[in-house]
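The next block holds one structure in the form of C-alpha cells; read it before the comments.
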Amino acid sequence: MPSAKRARPMLGRRAPAPVVINSAPLVLPMCADPVRDGAVATRGERVLAVGPRAELLSSYPAAEEVRWRGMIVAGLVDACSAVPSAAPGVTARARVVSDLADPAGFPGISYVAVTSESEQEWEDSERDAVITAIREIDRPCAVGIAVHTPDPLVLEDVSVLARTFGLRLLVDLDRHSPTALDEAGVLGPLCHVVCARPLDPGERKLLRLRRTVVALCPAAEDALALLEEGNVVAFCDTGPSGPLGLAAAVRRHVRGLGLRPRGLDRRLVEAATLGGARALGLDRGKGRIGALAPGARADFAVYDARGRYPYSALLAEPPCLGTVVGGTLARPA
C-alpha cells in the first residue's frame with residue numbers, strides 16, 4: 001500500500017472563525033416563536049443556529065458563551081434614517097447620501113437623492129451623474145435612489161433606471177401621492193415609501209396591491225388600519241428611541257382609544273425588525289436581516305426586559321444592553 005502523505009497547510013487560507021454562543025433568558029428570533037432560556041450560535045458575521053441554550057451548548061461544546069440578562073432580539077431596522085447616528089438596537093438602516101462613495105457605516109441601503117426640478121435639468125446634468133455614481137460604487141446591491149424630484153417625467157425615467165440596475169427606490173409621500181407614483185411606474189416591491197400623514201383607504205389598498213412597504217415616520221394615526229388591512233409596515237429612526245420608540249407610540253395611541261387588537265404587540269415589533277428588512281429588500285437569502293435564523297446576518301440587540309409577554313415587555317422601551325452587528329458588539333450599554 002502506498003505510504004500516507006502528510007497534508008500540507010494551504011498558504012493564505014485563514015482558520016475558520018470561532019463559534020460564539022450568545023444566550024439569554026429569552027430570545028426573540030422574529031421569524032419563529034420566542035425561545036425561553038435560548039441562545040444564538042454565530043460564526044463570524046453569520047448565524048449558525050437558534051434554539052434552547054442547552055441544545056446549542058451541546059452542539060458546539062468548544063464555543064465561547066456570552067451570557068446576557070434580559071432578552072435577545074433580532075436587530076431593529078431603520079427604514080429611513082432622519083438622524084446622523086443610529087439608535088441603540090438598530091443594526092441596519094436606509095440613509096440618503098450626497099455621495100455613494102461615503103462609507104456605509106451600518107449595513108443597509110445608501111440612497112442617492114434625485115432632486116431635478118425639471119426633465120431638462122435631469123437630462124442636462126443629474127442623470128449622468130447618478131448613473132456614473134451607481135456604476136462606480138463597489139456595493140451594487142446596497143444602493144438605491146431617493147426620489148425627491150417633483151417632475152412626473154423624471155419619475156418615469158428614474159423608475160426605468162431602477163428596474164435596469166436592480167436598485168431600490170425610496171419615496172416620501174409628502175412629495176408625491178401614491179396614485180402619481182403608480183402612474184410613473186415607481187411603486188412595486190423594489191420601492192418603499194415614507195409616510196408621515198394619514199392615508200385614505202384607497203391609498204392603503206394601492207400600496208398593498210403593489211407590495212410597497214409603508215415606513216411610518218413618525219407613527220401615523222392610521223398605523224393600526226395599515227396593519228389590520230395587511231399592509232407591510234416599517235418604522236423610521238426619528239430620535240433617540242428609534243424604530244422601537246415609534247412602535248411603542250403606536251401601541252400607546254391604540255390603547256388610548258380603548259382598543260386591544262389581538263397580536264398587536266408582536267406585529268409592531270415585527271414592523272421594527274422584519275418590516276424594515278422588507279423595506280430594504282434584505283429579508284431573504286444569505287445574510288438577510290430582521291430575523292435570527294441559520295444563514296442570517298448575526299445582527300441583534302439585547303434589552304433588559306423580562307415578563308410573561310415578551311413583545312409587550314419590549315414595547316415598554318427597556319434599556320438596551322448592547323447592539324451586535326455582524327457578530328461584533330458595536331454598541332455596549
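Residue names in the C-alpha cells use chain letters A, B, ... in the order shown, residue numbers from 1 in each chain, and ligand numbers from 1 in the order shown.
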Inset, instruction - Write down as a VMD selection string the residues of region 123-169 of chain A whose backbone DSSP state falls under alpha helix (DSSP H). - result: chain A and resid 127 to 136 152 to 165
Legend entry - Contacts of Gly70 (chain A) within 10 Å, only C-alpha atoms, excl. fewer than 3 positions in-chain, as a list in words: Ser23, Ala24, Pro25, Leu26, Val27, Arg67, Val73, Val302, Tyr303, Asp304, Ala305, Arg306, Gly307, Pro318, Pro319, Cys320 and Leu321 of chain A
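Coordinates place CA of Pro294 (chain A) at a distance of 5.1 Å from CA of Ala49 (chain A).
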Using only C-alpha atoms, which residues of region 181-231 of chain A come within 9 Å of region 134-158 of chain A, and what is the closest atom pair for each, with the distance in Å to one decimal? Give it as CSV, sorted by chain and residue number.
residue,atom,partner,partner_atom,distance
A:Leu181,CA,A:Leu155,CA,7.6
A:Glu183,CA,A:Glu156,CA,8.4
A:Ala184,CA,A:Glu156,CA,4.7
A:Gly185,CA,A:Glu156,CA,6.3
A:Val186,CA,A:Glu156,CA,7.2
Writing out the chosen residues with N, CA, C and O atoms as a compact mmCIF listing (two decimals), in the first residue's frame:
# COMPACT_ATOMS: atom_id res chain seq x y z
N LEU A 181 -47.30 58.22 -8.17
CA LEU A 181 -46.16 57.31 -8.18
C LEU A 181 -46.47 56.06 -8.98
O LEU A 181 -45.62 55.55 -9.72
N GLU A 183 -48.66 55.80 -11.47
CA GLU A 183 -48.73 56.15 -12.89
C GLU A 183 -47.35 56.26 -13.50
O GLU A 183 -47.16 55.97 -14.69
N ALA A 184 -46.35 56.64 -12.68
CA ALA A 184 -44.97 56.77 -13.18
C ALA A 184 -44.22 55.45 -13.11
O ALA A 184 -43.06 55.38 -13.53
N GLY A 185 -44.85 54.40 -12.59
CA GLY A 185 -44.20 53.10 -12.51
C GLY A 185 -43.24 52.94 -11.35
O GLY A 185 -42.40 52.05 -11.34
N VAL A 186 -43.35 53.83 -10.36
CA VAL A 186 -42.41 53.80 -9.23
C VAL A 186 -42.77 52.75 -8.20
O VAL A 186 -41.90 52.06 -7.66
Inset, instruction - List the neighbours of region 254-260 of chain A out to 10 Å using only C-alpha atoms; skip same-chain residues closer than 4 positions along the sequence, and give me the result as a ChimeraX atom specification. - result: /A:221-224,248-250,264-265
Inset, instruction - Rank A:Leu187, A:Ala82, A:Ile109, A:Val96 by their smallest atom-to-atom distance to Val214 (chain A), using only C-alpha atoms, and report the top residue only. - result: A:Leu187
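Across the structure, CA of Arg53 (chain A) and CA of Pro29 (chain A) are spaced 13.7 Å apart.
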Legend entry - Sel. of strand (DSSP E) residues, region 29-169 of chain A, as a ChimeraX atom specification: /A:35-43,46-52,64-67,71-74,76-78,90-97,108-114,143-147,168-169
Output C-alpha atoms for every residue in that selection, as a short mmCIF file (atom, residue, chain, number, x, y, z; two decimals), in the first residue's frame.
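Below is the file that was written, out_31.cif:
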data_model
loop_
_atom_site.label_atom_id
_atom_site.label_comp_id
_atom_site.auth_asym_id
_atom_site.auth_seq_id
_atom_site.Cartn_x
_atom_site.Cartn_y
_atom_site.Cartn_z
CA VAL A 35 -37.32 30.73 22.92
CA ARG A 36 -37.16 30.58 26.71
CA ASP A 37 -33.62 30.11 28.04
CA GLY A 38 -32.49 30.46 24.45
CA ALA A 39 -29.30 31.12 22.56
CA VAL A 40 -27.90 32.26 19.21
CA ALA A 41 -24.82 30.48 17.84
CA THR A 42 -22.75 32.57 15.43
CA ARG A 43 -19.56 32.17 13.41
CA ARG A 46 -23.46 34.73 10.25
CA VAL A 47 -25.96 32.91 12.45
CA LEU A 48 -25.37 29.16 12.71
CA ALA A 49 -28.32 28.17 14.87
CA VAL A 50 -31.02 29.49 17.19
CA GLY A 51 -32.64 27.42 19.88
CA PRO A 52 -32.62 26.32 23.51
CA GLU A 64 -17.37 30.59 23.85
CA GLU A 65 -20.57 31.60 25.64
CA VAL A 66 -21.60 35.20 26.19
CA ARG A 67 -24.37 35.24 28.78
CA MET A 71 -33.83 39.44 26.07
CA ILE A 72 -32.00 38.92 22.76
CA VAL A 73 -34.00 40.35 19.83
CA ALA A 74 -33.32 40.37 16.09
CA LEU A 76 -34.00 46.69 14.57
CA VAL A 77 -34.06 48.07 11.01
CA ASP A 78 -34.40 51.80 10.37
CA VAL A 90 -30.61 49.45 15.26
CA THR A 91 -28.37 47.18 13.19
CA ALA A 92 -29.27 48.26 9.63
CA ARG A 93 -30.62 51.43 8.09
CA ALA A 94 -31.71 53.20 4.94
CA ARG A 95 -29.93 56.52 4.57
CA VAL A 96 -29.98 59.25 1.95
CA VAL A 97 -26.45 60.34 0.99
CA GLY A 108 -28.31 48.59 4.81
CA ILE A 109 -29.02 50.65 1.72
CA SER A 110 -27.49 54.01 0.74
CA TYR A 111 -29.83 56.11 -1.40
CA VAL A 112 -28.61 58.90 -3.68
CA ALA A 113 -31.18 61.71 -3.97
CA VAL A 114 -32.63 62.77 -7.33
CA VAL A 143 -27.54 51.29 -3.24
CA GLY A 144 -30.76 52.93 -4.30
CA ILE A 145 -32.39 56.17 -5.41
CA ALA A 146 -34.30 58.56 -3.16
CA VAL A 147 -36.90 60.15 -5.42
CA ARG A 168 -34.17 50.12 -4.51
CA LEU A 169 -36.38 53.22 -4.57
#
Inset, instruction - Grab the CA of Gly326 (chain A) to CA of Ala79 (chain A) distance for me, in Å with one decimal place. - result: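 Separation of CA of Gly326 (chain A) and CA of Ala79 (chain A): 18.5 Å.
Checking A:Leu206, A:Ala296, A:Val269, A:Ala32 one by one against Val233 (chain A), counting only C-alpha atoms, you find the shortest gap at A:Val269.
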Legend entry - Top pick for closest residue to Arg204 (chain A), considering A:Glu119, A:Glu45, A:Asp174, A:Glu229 and counting only C-alpha atoms: A:Glu229
